[in-house]
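Raw contents of coords.pdb, PDB, C-alpha atoms and all ligand atoms:
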ATOM      1  CA  MET Z 113      28.029 130.020 -12.271
ATOM      2  CA  VAL Z 114      27.997 126.716 -10.410
ATOM      3  CA  ASP Z 115      24.703 124.901 -11.004
ATOM      4  CA  LYS Z 116      25.676 121.236 -11.171
ATOM      5  CA  VAL Z 117      27.400 119.982  -8.044
ATOM      6  CA  GLY Z 118      28.927 116.579  -7.380
ATOM      7  CA  VAL Z 119      29.616 115.132  -3.935
ATOM      8  CA  VAL Z 120      31.773 112.014  -3.551
ATOM      9  CA  GLY Z 121      31.191 110.028  -0.343
ATOM     10  CA  ALA Z 122      27.694 109.807   1.141
ATOM     11  CA  GLY Z 123      28.666 109.400   4.805
ATOM     12  CA  LEU Z 124      28.029 111.720   7.726
ATOM     13  CA  MET Z 125      29.507 114.767   5.966
ATOM     14  CA  GLY Z 126      28.973 114.095   2.244
ATOM     15  CA  ALA Z 127      25.247 113.406   2.488
ATOM     16  CA  GLU Z 128      24.558 116.686   4.296
ATOM     17  CA  ILE Z 129      26.915 118.608   1.991
ATOM     18  CA  ALA Z 130      24.726 117.311  -0.862
ATOM     19  CA  LEU Z 131      21.677 118.451   1.087
ATOM     20  CA  VAL Z 132      22.810 122.057   1.584
ATOM     21  CA  PHE Z 133      23.536 122.419  -2.146
ATOM     22  CA  ALA Z 134      20.147 120.890  -2.998
ATOM     23  CA  LEU Z 135      18.503 123.337  -0.580
ATOM     24  CA  ALA Z 136      20.255 126.100  -2.564
ATOM     25  CA  ASN Z 137      18.526 124.826  -5.755
ATOM     26  CA  LYS Z 138      21.624 123.128  -7.172
ATOM     27  CA  GLU Z 139      21.295 119.896  -9.088
ATOM     28  CA  VAL Z 140      23.382 117.434  -7.056
ATOM     29  CA  LEU Z 141      24.941 114.103  -7.979
ATOM     30  CA  LEU Z 142      25.969 112.141  -4.864
ATOM     31  CA  SER Z 143      28.148 109.034  -5.066
ATOM     32  CA  ASP Z 144      29.379 106.268  -2.817
ATOM     33  CA  THR Z 145      30.817 102.812  -3.359
ATOM     34  CA  SER Z 146      27.511 100.909  -2.979
ATOM     35  CA  ASP Z 147      23.804 101.390  -3.633
ATOM     36  CA  ASP Z 148      23.156 100.425  -0.005
ATOM     37  CA  ALA Z 149      25.267 103.309   1.281
ATOM     38  CA  LEU Z 150      23.436 105.705  -1.031
ATOM     39  CA  GLU Z 151      20.001 104.449   0.016
ATOM     40  CA  ARG Z 152      20.980 104.857   3.678
ATOM     41  CA  ALA Z 153      22.204 108.389   2.973
ATOM     42  CA  ILE Z 154      18.972 109.458   1.275
ATOM     43  CA  LYS Z 155      16.913 107.936   4.095
ATOM     44  CA  ASN Z 156      19.022 109.853   6.629
ATOM     45  CA  LEU Z 157      18.547 113.071   4.683
ATOM     46  CA  GLU Z 158      14.804 112.539   4.665
ATOM     47  CA  GLY Z 159      15.027 112.282   8.472
ATOM     48  CA  VAL Z 160      17.182 115.427   8.695
ATOM     49  CA  LEU Z 161      14.651 117.358   6.609
ATOM     50  CA  GLN Z 162      11.621 116.035   8.539
ATOM     51  CA  ARG Z 163      13.229 116.846  11.893
ATOM     52  CA  GLY Z 164      14.207 120.251  10.511
ATOM     53  CA  VAL Z 165      10.585 120.902   9.543
ATOM     54  CA  GLY Z 166       9.540 119.949  13.096
ATOM     55  CA  ARG Z 167      12.020 122.468  14.525
ATOM     56  CA  GLY Z 168      11.108 125.205  12.067
ATOM     57  CA  PHE Z 169      14.428 125.124  10.121
ATOM     58  CA  PHE Z 170      12.781 124.091   6.822
ATOM     59  CA  GLU Z 171       9.294 124.345   5.312
ATOM     60  CA  ALA Z 172       7.355 121.099   4.801
ATOM     61  CA  GLU Z 173       6.989 122.008   1.103
ATOM     62  CA  GLN Z 174      10.806 121.989   0.730
ATOM     63  CA  VAL Z 175      11.234 118.275   1.540
ATOM     64  CA  GLU Z 176      10.194 116.585  -1.715
ATOM     65  CA  PRO Z 177      11.672 119.116  -4.190
ATOM     66  CA  THR Z 178      14.962 119.161  -2.231
ATOM     67  CA  LEU Z 179      15.317 115.376  -2.233
ATOM     68  CA  SER Z 180      14.389 115.228  -5.923
ATOM     69  CA  ARG Z 181      17.373 117.483  -6.710
ATOM     70  CA  ILE Z 182      19.781 114.833  -5.319
ATOM     71  CA  ARG Z 183      20.525 112.000  -7.748
ATOM     72  CA  THR Z 184      22.810 109.159  -6.725
ATOM     73  CA  THR Z 185      25.382 107.040  -8.542
ATOM     74  CA  THR Z 186      28.189 104.585  -7.833
ATOM     75  CA  ASP Z 187      29.962 105.632 -11.045
ATOM     76  CA  LEU Z 188      32.282 108.644 -10.967
ATOM     77  CA  GLY Z 189      32.236 108.468 -14.764
ATOM     78  CA  SER Z 190      28.898 110.297 -14.669
ATOM     79  CA  TYR Z 191      30.504 113.491 -13.255
ATOM     80  CA  SER Z 192      31.440 114.775 -16.738
ATOM     81  CA  ASP Z 193      29.001 117.747 -16.595
ATOM     82  CA  ARG Z 194      29.760 119.002 -13.043
ATOM     83  CA  SER Z 195      31.016 122.527 -12.304
ATOM     84  CA  LEU Z 196      32.006 121.745  -8.680
ATOM     85  CA  VAL Z 197      32.778 118.394  -7.037
ATOM     86  CA  VAL Z 198      33.284 118.122  -3.270
ATOM     87  CA  GLU Z 199      35.147 115.042  -2.061
ATOM     88  CA  ALA Z 200      34.084 113.680   1.359
ATOM     89  CA  VAL Z 201      35.362 110.071   1.392
ATOM     90  CA  PHE Z 202      37.329 108.407   4.225
ATOM     91  CA  GLU Z 203      40.134 110.439   5.817
ATOM     92  CA  ASP Z 204      42.778 108.375   4.032
ATOM     93  CA  GLU Z 205      45.125 109.979   1.506
ATOM     94  CA  ALA Z 206      45.316 106.856  -0.704
ATOM     95  CA  VAL Z 207      41.505 106.612  -0.940
ATOM     96  CA  LYS Z 208      41.203 110.323  -1.703
ATOM     97  CA  ALA Z 209      44.048 110.143  -4.271
ATOM     98  CA  LYS Z 210      42.210 107.473  -6.244
ATOM     99  CA  VAL Z 211      39.038 109.593  -6.309
ATOM    100  CA  PHE Z 212      40.965 112.705  -7.431
ATOM    101  CA  ARG Z 213      42.734 110.881 -10.271
ATOM    102  CA  LYS Z 214      39.424 109.563 -11.576
ATOM    103  CA  LEU Z 215      37.670 112.944 -11.225
ATOM    104  CA  ASP Z 216      40.559 114.717 -12.951
ATOM    105  CA  ASP Z 217      40.046 112.491 -16.005
ATOM    106  CA  VAL Z 218      36.275 112.891 -16.082
ATOM    107  CA  VAL Z 219      35.176 116.403 -15.010
ATOM    108  CA  PRO Z 220      35.314 119.431 -17.381
ATOM    109  CA  ALA Z 221      38.526 121.490 -17.497
ATOM    110  CA  ASP Z 222      36.879 124.409 -15.643
ATOM    111  CA  CYS Z 223      35.357 122.272 -12.856
ATOM    112  CA  ILE Z 224      36.513 123.044  -9.309
ATOM    113  CA  ILE Z 225      37.473 120.006  -7.221
ATOM    114  CA  ALA Z 226      37.264 120.559  -3.449
ATOM    115  CA  SER Z 227      38.246 118.334  -0.517
ATOM    116  CA  ASN Z 228      36.484 118.221   2.857
ATOM    117  CA  THR Z 229      39.547 116.753   4.575
ATOM    118  CA  SER Z 230      39.970 117.794   8.198
ATOM    119  CA  SER Z 231      43.629 116.932   8.647
ATOM    120  CA  ILE Z 232      45.456 116.273   5.366
ATOM    121  CA  SER Z 233      47.343 119.165   3.751
ATOM    122  CA  ILE Z 234      45.408 120.569   0.763
ATOM    123  CA  THR Z 235      48.691 121.183  -1.072
ATOM    124  CA  ALA Z 236      49.732 117.564  -0.454
ATOM    125  CA  LEU Z 237      46.363 116.382  -1.815
ATOM    126  CA  SER Z 238      46.746 118.581  -4.911
ATOM    127  CA  SER Z 239      49.759 116.452  -5.916
ATOM    128  CA  HIS Z 240      47.283 113.730  -6.943
ATOM    129  CA  LEU Z 241      45.849 115.999  -9.645
ATOM    130  CA  SER Z 242      47.350 116.937 -12.996
ATOM    131  CA  PRO Z 243      49.354 120.212 -12.980
ATOM    132  CA  GLU Z 244      46.628 121.768 -15.212
ATOM    133  CA  ARG Z 245      43.915 121.072 -12.587
ATOM    134  CA  ARG Z 246      45.793 122.288  -9.503
ATOM    135  CA  GLY Z 247      44.689 125.901  -9.977
ATOM    136  CA  ARG Z 248      41.105 124.684  -9.542
ATOM    137  CA  PHE Z 249      41.665 122.539  -6.459
ATOM    138  CA  ILE Z 250      40.796 123.809  -2.972
ATOM    139  CA  GLY Z 251      39.822 122.738   0.561
ATOM    140  CA  THR Z 252      36.264 123.262   1.810
ATOM    141  CA  HIS Z 253      36.114 122.217   5.463
ATOM    142  CA  PHE Z 254      32.457 121.913   6.495
ATOM    143  CA  PHE Z 255      31.362 121.299  10.098
ATOM    144  CA  SER Z 256      29.019 118.651  11.469
ATOM    145  CA  PRO Z 257      26.025 118.685  11.305
ATOM    146  CA  VAL Z 258      26.513 120.413   7.948
ATOM    147  CA  SER Z 259      22.837 121.333   7.602
ATOM    148  CA  ARG Z 260      23.064 123.397  10.815
ATOM    149  CA  MET Z 261      26.656 124.650  11.124
ATOM    150  CA  LYS Z 262      27.164 127.859   9.173
ATOM    151  CA  LEU Z 263      30.945 127.899   8.892
ATOM    152  CA  VAL Z 264      33.114 126.628   6.049
ATOM    153  CA  GLU Z 265      36.902 126.993   6.179
ATOM    154  CA  VAL Z 266      38.045 127.610   2.586
ATOM    155  CA  ILE Z 267      41.676 126.572   2.179
ATOM    156  CA  PRO Z 268      43.660 127.371  -0.996
ATOM    157  CA  ALA Z 269      46.514 125.013  -1.857
ATOM    158  CA  MET Z 270      49.870 126.348  -3.114
ATOM    159  CA  ASP Z 271      48.684 126.543  -6.752
ATOM    160  CA  THR Z 272      44.994 127.449  -6.240
ATOM    161  CA  THR Z 273      44.084 130.528  -8.292
ATOM    162  CA  GLU Z 274      42.419 133.598  -6.808
ATOM    163  CA  GLN Z 275      39.518 133.019  -9.216
ATOM    164  CA  THR Z 276      38.944 129.554  -7.710
ATOM    165  CA  VAL Z 277      39.045 131.002  -4.191
ATOM    166  CA  GLU Z 278      36.462 133.672  -5.099
ATOM    167  CA  ALA Z 279      34.203 131.162  -6.880
ATOM    168  CA  THR Z 280      34.372 128.788  -3.904
ATOM    169  CA  LEU Z 281      33.589 131.537  -1.378
ATOM    170  CA  ALA Z 282      30.624 132.537  -3.570
ATOM    171  CA  ILE Z 283      29.182 129.013  -3.875
ATOM    172  CA  CYS Z 284      29.504 128.491  -0.104
ATOM    173  CA  ARG Z 285      27.517 131.704   0.437
ATOM    174  CA  GLU Z 286      24.919 130.557  -2.095
ATOM    175  CA  ALA Z 287      24.561 127.375  -0.012
ATOM    176  CA  GLY Z 288      23.734 129.530   3.021
ATOM    177  CA  LYS Z 289      27.170 129.187   4.631
ATOM    178  CA  THR Z 290      29.602 131.768   5.938
ATOM    179  CA  PRO Z 291      33.040 130.912   4.555
ATOM    180  CA  ILE Z 292      36.365 132.121   5.911
ATOM    181  CA  LYS Z 293      39.654 131.883   4.029
ATOM    182  CA  VAL Z 294      42.310 129.988   5.961
ATOM    183  CA  LYS Z 295      45.939 129.117   5.178
ATOM    184  CA  ASP Z 296      46.842 125.472   4.531
ATOM    185  CA  VAL Z 297      48.310 124.707   7.966
ATOM    186  CA  VAL Z 298      47.769 121.622  10.131
ATOM    187  CA  GLY Z 299      44.361 121.820  11.865
ATOM    188  CA  PHE Z 300      43.453 124.894   9.744
ATOM    189  CA  ALA Z 301      42.030 127.521  12.170
ATOM    190  CA  VAL Z 302      39.032 126.057  13.998
ATOM    191  CA  ASN Z 303      40.626 122.860  15.290
ATOM    192  CA  ARG Z 304      43.576 124.820  16.653
ATOM    193  CA  VAL Z 305      41.317 127.181  18.597
ATOM    194  CA  LEU Z 306      39.058 124.348  19.757
ATOM    195  CA  HIS Z 307      41.779 122.017  20.998
ATOM    196  CA  ALA Z 308      43.701 124.780  22.771
ATOM    197  CA  LEU Z 309      40.475 125.326  24.758
ATOM    198  CA  VAL Z 310      39.742 121.614  25.237
ATOM    199  CA  ILE Z 311      43.259 120.808  26.469
ATOM    200  CA  GLU Z 312      43.133 123.640  29.018
ATOM    201  CA  ALA Z 313      39.635 122.571  30.132
ATOM    202  CA  ILE Z 314      40.863 119.011  30.784
ATOM    203  CA  ARG Z 315      43.919 120.376  32.614
ATOM    204  CA  LEU Z 316      41.547 122.301  34.931
ATOM    205  CA  VAL Z 317      39.707 119.065  35.737
ATOM    206  CA  GLU Z 318      43.001 117.214  36.340
ATOM    207  CA  GLU Z 319      44.087 119.954  38.768
ATOM    208  CA  GLY Z 320      40.761 119.724  40.609
ATOM    209  CA  VAL Z 321      40.022 123.379  39.883
ATOM    210  CA  ALA Z 322      36.449 122.661  38.752
ATOM    211  CA  THR Z 323      34.271 119.786  37.556
ATOM    212  CA  PRO Z 324      33.509 119.127  33.859
ATOM    213  CA  GLU Z 325      29.887 120.185  34.541
ATOM    214  CA  ASP Z 326      31.000 123.499  36.044
ATOM    215  CA  ILE Z 327      33.520 124.205  33.261
ATOM    216  CA  ASP Z 328      30.751 123.588  30.711
ATOM    217  CA  LEU Z 329      28.556 126.025  32.666
ATOM    218  CA  ALA Z 330      31.424 128.531  32.748
ATOM    219  CA  CYS Z 331      31.872 128.399  28.968
ATOM    220  CA  ARG Z 332      28.143 128.619  28.300
ATOM    221  CA  LEU Z 333      27.198 131.265  30.827
ATOM    222  CA  GLY Z 334      30.474 133.156  31.107
ATOM    223  CA  LEU Z 335      31.717 133.046  27.517
ATOM    224  CA  GLY Z 336      28.449 132.672  25.618
ATOM    225  CA  HIS Z 337      29.397 129.345  23.998
ATOM    226  CA  PRO Z 338      26.303 127.365  22.900
ATOM    227  CA  ILE Z 339      27.822 124.129  24.265
ATOM    228  CA  GLY Z 340      30.567 123.427  26.811
ATOM    229  CA  PRO Z 341      33.867 121.705  25.875
ATOM    230  CA  PHE Z 342      33.031 118.471  27.736
ATOM    231  CA  GLN Z 343      29.573 118.257  26.174
ATOM    232  CA  LEU Z 344      31.229 118.780  22.791
ATOM    233  CA  LEU Z 345      33.872 116.109  23.502
ATOM    234  CA  ASP Z 346      31.116 113.629  24.394
ATOM    235  CA  ALA Z 347      29.063 114.509  21.312
ATOM    236  CA  THR Z 348      31.988 114.127  18.894
ATOM    237  CA  GLN Z 349      33.683 111.162  20.675
ATOM    238  CA  ASN Z 350      36.764 111.475  22.856
ATOM    239  CA  SER Z 351      38.756 109.152  20.582
ATOM    240  CA  LEU Z 352      38.372 111.561  17.641
ATOM    241  CA  SER Z 353      39.637 114.484  19.752
ATOM    242  CA  LEU Z 354      42.579 112.408  20.960
ATOM    243  CA  GLN Z 355      43.431 111.582  17.347
ATOM    244  CA  VAL Z 356      43.214 115.234  16.246
ATOM    245  CA  GLN Z 357      45.334 116.357  19.213
ATOM    246  CA  GLY Z 358      47.935 113.746  18.230
ATOM    247  CA  ILE Z 359      48.152 115.346  14.760
ATOM    248  CA  LEU Z 360      48.327 118.884  16.222
ATOM    249  CA  ASN Z 361      50.921 117.752  18.778
ATOM    250  CA  GLU Z 362      53.122 116.367  16.010
ATOM    251  CA  ALA Z 363      52.876 119.634  14.064
ATOM    252  CA  TYR Z 364      53.100 122.202  16.900
ATOM    253  CA  GLY Z 365      54.702 120.363  19.824
ATOM    254  CA  GLU Z 366      54.011 120.586  23.544
ATOM    255  CA  ARG Z 367      51.126 123.058  23.407
ATOM    256  CA  PHE Z 368      48.820 120.467  21.814
ATOM    257  CA  LYS Z 369      50.025 117.446  23.818
ATOM    258  CA  PRO Z 370      46.906 115.401  24.693
ATOM    259  CA  ARG Z 371      46.200 115.335  28.455
ATOM    260  CA  PRO Z 372      46.655 112.022  30.320
ATOM    261  CA  LEU Z 373      43.034 112.127  31.529
ATOM    262  CA  LEU Z 374      41.713 112.188  27.940
ATOM    263  CA  LYS Z 375      43.912 109.188  27.092
ATOM    264  CA  GLN Z 376      42.588 107.325  30.149
ATOM    265  CA  MET Z 377      38.977 108.077  29.225
ATOM    266  CA  VAL Z 378      39.535 106.658  25.734
ATOM    267  CA  GLN Z 379      41.414 103.607  27.073
ATOM    268  CA  ALA Z 380      38.545 102.941  29.494
ATOM    269  CA  GLY Z 381      36.033 103.064  26.642
ATOM    270  CA  TYR Z 382      34.388 106.197  28.067
ATOM    271  CA  ASN Z 383      34.174 107.606  24.595
ATOM    272  CA  GLY Z 384      31.147 109.871  24.933
ATOM    273  CA  LYS Z 385      27.452 109.905  24.219
ATOM    274  CA  ARG Z 386      27.326 106.912  21.860
ATOM    275  CA  ALA Z 387      29.267 104.768  24.370
ATOM    276  CA  GLY Z 388      26.770 105.686  27.115
ATOM    277  CA  ARG Z 389      29.544 107.288  29.166
ATOM    278  CA  GLY Z 390      32.084 110.004  28.620
ATOM    279  CA  TRP Z 391      32.503 113.092  30.775
ATOM    280  CA  TYR Z 392      28.788 112.581  31.507
ATOM    281  CA  LYS Z 393      26.687 109.411  31.883
ATOM    282  CA  TYR Z 394      23.893 108.778  29.357
ATOM    283  CA  ASP Z 395      20.918 106.409  29.242
ATOM    284  CA  LYS Z 396      21.652 104.086  26.336
TER     285      LYS Z 396
HETATM  286  N1  LIG E 401      32.900 113.706  10.823
HETATM  287  C1  LIG E 401      33.182 115.009  10.978
HETATM  288  O1  LIG E 401      32.747 115.663  11.948
HETATM  289  C2  LIG E 401      34.010 115.722   9.962
HETATM  290  C3  LIG E 401      34.102 117.125  10.015
HETATM  291  C4  LIG E 401      34.818 117.801   9.023
HETATM  292  C5  LIG E 401      35.450 117.086   8.026
HETATM  293  N2  LIG E 401      35.374 115.710   8.001
HETATM  294  C6  LIG E 401      36.034 115.000   6.890
HETATM  295  O2  LIG E 401      35.039 114.654   5.910
HETATM  296  C7  LIG E 401      35.430 113.440   5.254
HETATM  297  C8  LIG E 401      34.318 112.419   5.373
HETATM  298  O3  LIG E 401      34.077 112.177   6.752
HETATM  299  P1  LIG E 401      32.748 111.462   7.279
HETATM  300  O4  LIG E 401      32.711 111.696   8.750
HETATM  301  O5  LIG E 401      31.596 111.841   6.421
HETATM  302  O6  LIG E 401      33.126 109.930   6.984
HETATM  303  P2  LIG E 401      32.138 108.692   6.801
HETATM  304  O7  LIG E 401      32.947 107.479   7.107
HETATM  305  O8  LIG E 401      30.845 108.926   7.517
HETATM  306  O9  LIG E 401      31.806 108.723   5.229
HETATM  307  C9  LIG E 401      32.733 108.455   4.217
HETATM  308  C10 LIG E 401      31.967 107.868   3.058
HETATM  309  O10 LIG E 401      32.826 107.784   1.916
HETATM  310  C11 LIG E 401      32.505 106.603   1.232
HETATM  311  N3  LIG E 401      33.607 106.241   0.345
HETATM  312  C12 LIG E 401      34.799 105.687   0.655
HETATM  313  N4  LIG E 401      35.540 105.538  -0.463
HETATM  314  C13 LIG E 401      34.815 106.009  -1.498
HETATM  315  C14 LIG E 401      35.028 106.130  -2.892
HETATM  316  N5  LIG E 401      36.164 105.721  -3.444
HETATM  317  N6  LIG E 401      34.044 106.684  -3.659
HETATM  318  C15 LIG E 401      32.889 107.097  -3.106
HETATM  319  N7  LIG E 401      32.633 107.009  -1.781
HETATM  320  C16 LIG E 401      33.585 106.471  -0.991
HETATM  321  C17 LIG E 401      32.246 105.576   2.325
HETATM  322  O11 LIG E 401      31.534 104.443   1.842
HETATM  323  C18 LIG E 401      31.457 106.423   3.325
HETATM  324  O12 LIG E 401      30.059 106.360   3.083
HETATM  325  C19 LIG E 401      36.759 113.020   5.869
HETATM  326  O13 LIG E 401      37.808 113.517   5.097
HETATM  327  C20 LIG E 401      36.722 113.700   7.250
HETATM  328  O14 LIG E 401      37.995 113.939   7.783
HETATM  329  C21 LIG E 401      34.653 115.016   8.938
END
Could you express the structure from this file as structure tokens?
Amino acid sequence: MVDKVGVVGAGLMGAEIALVFALANKEVLLSDTSDDALERAIKNLEGVLQRGVGRGFFEAEQVEPTLSRIRTTTDLGSYSDRSLVVEAVFEDEAVKAKVFRKLDDVVPADCIIASNTSSISITALSSHLSPERRGRFIGTHFFSPVSRMKLVEVIPAMDTTEQTVEATLAICREAGKTPIKVKDVVGFAVNRVLHALVIEAIRLVEEGVATPEDIDLACRLGLGHPIGPFQLLDATQNSLSLQVQGILNEAYGERFKPRPLLKQMVQAGYNGKRAGRGWYKYDK
């Protein structure tokens, strides 16, 4: 039974991963490299909860007790009583490796260590753990915003035990998520499906077949997608999609080759919503 959860990295993903476990009545310890980062994260979570109350996702009475279940620390040494630790630090193998080595020394022998990496092989990451820990190491790929997106891709590494897979699927369900088990391949499952669609959508625009607005309408009204591919590109930043497609292209070849128009958009600084212009124009 997982009751004490640790989350390492209090950025966009880690803070909300902490939140969903706290909402599921887990006692959460959230860490980052500075007190400032942790204060910012808790403030953001307060905002997420308040906005969620406004939209009817959470009850007003949940706000205080939920936040009180999240403690913060800059010291990974205090993770010695955790039963699950989810790593969500920068997407950099060297940074993650350092965190894993420290956690491996500190957490109990039966603690599961999970990584939220979106592009690094889970089996490659497991090499930074002792051979005794590797059976209890796994990928948990959450989606942004974590408090709203239901899916988690659960990715066993080469040595992950079936017991760890089952325990991880169970804790994801306890946190209100719907997990799916996915093999440790580049892009896992969701990014492969998404970028196949995105690349074809951009190709349609390049060929003058339809406008980005109309393709978004087609996906929403014809396929039942909640958001069109160009709206999604703008929301998540074109540069991030270009980077992911570069990784998929390297692994799978031509079928994931980024389209020239996406490269041009990024080079022009038309990066999406935050830049004020992407496939759409936004008031800053
Ligand atoms: N952003 C997304 O949509 C998304 C989606 C799925 C998965 N991911 C993955 O989740 C992970 C985190 O991404 P993010 O978008 O939250 O990044 P982010 O930059 O918002 O947050 C990373 C946080 O980790 C902290 N950090 C760095 N080194 C640390 C250390 N040694 N100990 C503790 N904290 C440390 C940073 O200070 C920062 O606050 C990455 O592996 C990313 O690929 C991101």
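Among the candidates Z:Gly159, Z:Gly390, Z:Pro338, Z:Pro291, the one nearest to Phe255 in chain Z when counting all atoms listed in the file is Z:Pro291.
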Protein, DNA and RNA residues within 10 Å of (18.5, 120.7, -6.6), all atoms listed in the file, as a VMD selection string: chain Z and resid 115 to 117 130 to 141 177 to 183
Written file, previous selection with C-alpha atoms, as a PDB file, in the coordinates of the input:
ATOM      1  CA  ASP Z 115      24.703 124.901 -11.004  1.00  0.00           C
ATOM      2  CA  LYS Z 116      25.676 121.236 -11.171  1.00  0.00           C
ATOM      3  CA  VAL Z 117      27.400 119.982  -8.044  1.00  0.00           C
ATOM      4  CA  ALA Z 130      24.726 117.311  -0.862  1.00  0.00           C
ATOM      5  CA  LEU Z 131      21.677 118.451   1.087  1.00  0.00           C
ATOM      6  CA  VAL Z 132      22.810 122.057   1.584  1.00  0.00           C
ATOM      7  CA  PHE Z 133      23.536 122.419  -2.146  1.00  0.00           C
ATOM      8  CA  ALA Z 134      20.147 120.890  -2.998  1.00  0.00           C
ATOM      9  CA  LEU Z 135      18.503 123.337  -0.580  1.00  0.00           C
ATOM     10  CA  ALA Z 136      20.255 126.100  -2.564  1.00  0.00           C
ATOM     11  CA  ASN Z 137      18.526 124.826  -5.755  1.00  0.00           C
ATOM     12  CA  LYS Z 138      21.624 123.128  -7.172  1.00  0.00           C
ATOM     13  CA  GLU Z 139      21.295 119.896  -9.088  1.00  0.00           C
ATOM     14  CA  VAL Z 140      23.382 117.434  -7.056  1.00  0.00           C
ATOM     15  CA  LEU Z 141      24.941 114.103  -7.979  1.00  0.00           C
ATOM     16  CA  PRO Z 177      11.672 119.116  -4.190  1.00  0.00           C
ATOM     17  CA  THR Z 178      14.962 119.161  -2.231  1.00  0.00           C
ATOM     18  CA  LEU Z 179      15.317 115.376  -2.233  1.00  0.00           C
ATOM     19  CA  SER Z 180      14.389 115.228  -5.923  1.00  0.00           C
ATOM     20  CA  ARG Z 181      17.373 117.483  -6.710  1.00  0.00           C
ATOM     21  CA  ILE Z 182      19.781 114.833  -5.319  1.00  0.00           C
ATOM     22  CA  ARG Z 183      20.525 112.000  -7.748  1.00  0.00           C
TER      23      ARG Z 183
END
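Minimum atom-to-atom distances from Z:Asp296, Z:Glu286, Z:Glu318, Z:Asp148 to Val266 in chain Z were compared using all atoms listed in the file, and the lowest value belongs to Z:Asp296.
When only C-alpha atoms are used to compute distances to Gln355 in chain Z, the closest of the residues Z:Leu237, Z:Ala221, Z:Val378, Z:Ile339 turns out to be Z:Val378.
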Within 8 Å of ligand LIG 401 (chain E), counting all atoms listed in the file, residues as a PyMOL selection string: chain Z and resi 120-127+143-146+149-150+186+188+199-204+207-208+210-211+227-231+253-257+348
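Shortest atom-to-atom contact with Val297 in chain Z among Z:Glu265, Z:Glu244, Z:Asp271, Z:Asp222: Z:Glu265, counting all atoms listed in the file.
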Distance query Tyr191 in chain Z at most 9 Å, only C-alpha atoms, self and fewer than 4 positions along chain excluded, as a PyMOL selection string: chain Z and resi 117-118+141+187+197+215+218-220
Residue subset to file, keeping C-alpha atoms, as a short mmCIF file (atom, residue, chain, number, x, y, z; two decimals), in the coordinates of the input:
data_model
loop_
_atom_site.label_atom_id
_atom_site.label_comp_id
_atom_site.auth_asym_id
_atom_site.auth_seq_id
_atom_site.Cartn_x
_atom_site.Cartn_y
_atom_site.Cartn_z
CA VAL Z 117 27.40 119.98 -8.04
CA GLY Z 118 28.93 116.58 -7.38
CA LEU Z 141 24.94 114.10 -7.98
CA ASP Z 187 29.96 105.63 -11.04
CA VAL Z 197 32.78 118.39 -7.04
CA LEU Z 215 37.67 112.94 -11.22
CA VAL Z 218 36.28 112.89 -16.08
CA VAL Z 219 35.18 116.40 -15.01
CA PRO Z 220 35.31 119.43 -17.38
#
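Here the question is which of Z:Asp346, Z:Glu362, Z:Glu205, Z:Asp328 gets nearest to Arg386 in chain Z using all atoms listed in the file, and that residue is Z:Asp346.
Neighbours of Leu281 in chain Z closer than or equal to 10 Å, with all atoms listed in the file counted and sequence neighbours fewer than 4 positions away skipped, come out as Thr252, Val264, Glu265, Val266, Gln275, Thr276, Val277, Arg285, Glu286, Lys289, Thr290, Pro291, Ile292 and Lys293 of chain Z.
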For Arg367 in chain Z, the nearest of the candidates Z:Ala322, Z:Leu316, Z:Ala330, Z:Leu309, counting only C-alpha atoms: Z:Leu309
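The residues returned by the PyMOL selection byres (((chain Z and resi 225) around 6) and not hetatm) on the shown structure are Leu196, Val197, Ile224, Ala226 and Phe249 of chain Z.
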Spatial neighbours of His307 in chain Z, max dist 12 Å, all atoms listed in the file, sep filter under 6 positions, as a list in words: Gly299, Phe300, Ala301, Ala313, Ile314, Arg315, Pro341, Phe342, Leu344, Leu345, Asn350, Leu352, Ser353, Leu354, Gln355, Val356, Gln357, Gly358, Ile359, Leu360, Asn361, Arg367, Phe368, Lys369, Pro370 and Arg371 of chain Z
Neighbours of Gln343 in chain Z within 12 Å (only C-alpha atoms; same-chain residues fewer than 5 positions away dropped), as a compact mmCIF listing (two decimals) with C-alpha atoms, in the frame of the given file?
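The file below, part26.txt, is the result:
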# COMPACT_ATOMS: atom_id res chain seq x y z
CA VAL Z 310 39.74 121.61 25.24
CA ALA Z 313 39.64 122.57 30.13
CA PRO Z 324 33.51 119.13 33.86
CA GLU Z 325 29.89 120.18 34.54
CA ASP Z 326 31.00 123.50 36.04
CA ILE Z 327 33.52 124.20 33.26
CA ASP Z 328 30.75 123.59 30.71
CA LEU Z 329 28.56 126.02 32.67
CA CYS Z 331 31.87 128.40 28.97
CA ARG Z 332 28.14 128.62 28.30
CA HIS Z 337 29.40 129.34 24.00
CA PRO Z 338 26.30 127.36 22.90
CA THR Z 348 31.99 114.13 18.89
CA GLN Z 349 33.68 111.16 20.68
CA ASN Z 350 36.76 111.48 22.86
CA ASN Z 383 34.17 107.61 24.60
CA GLY Z 384 31.15 109.87 24.93
CA LYS Z 385 27.45 109.90 24.22
CA ARG Z 389 29.54 107.29 29.17
CA GLY Z 390 32.08 110.00 28.62
CA TRP Z 391 32.50 113.09 30.78
CA TYR Z 392 28.79 112.58 31.51
CA LYS Z 393 26.69 109.41 31.88
CA TYR Z 394 23.89 108.78 29.36
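Between CA of Ile250 in chain Z and CA of Ile232 in chain Z there is a distance of 12.2 Å.
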Quick one: what's the axis-aligned box for range 370-389 of chain Z, all listed atoms, 6 Å on every side, centre and edges in Å to one decimal, as lines of an AutoDock Vina configuration file?
center_x = 36.8
center_y = 109.2
center_z = 26.7
size_x = 32.1
size_y = 24.5
size_z = 21.7
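Taking CA of Val114 in chain Z and CA of Ile283 in chain Z as the two end points, the separation is 7.0 Å.
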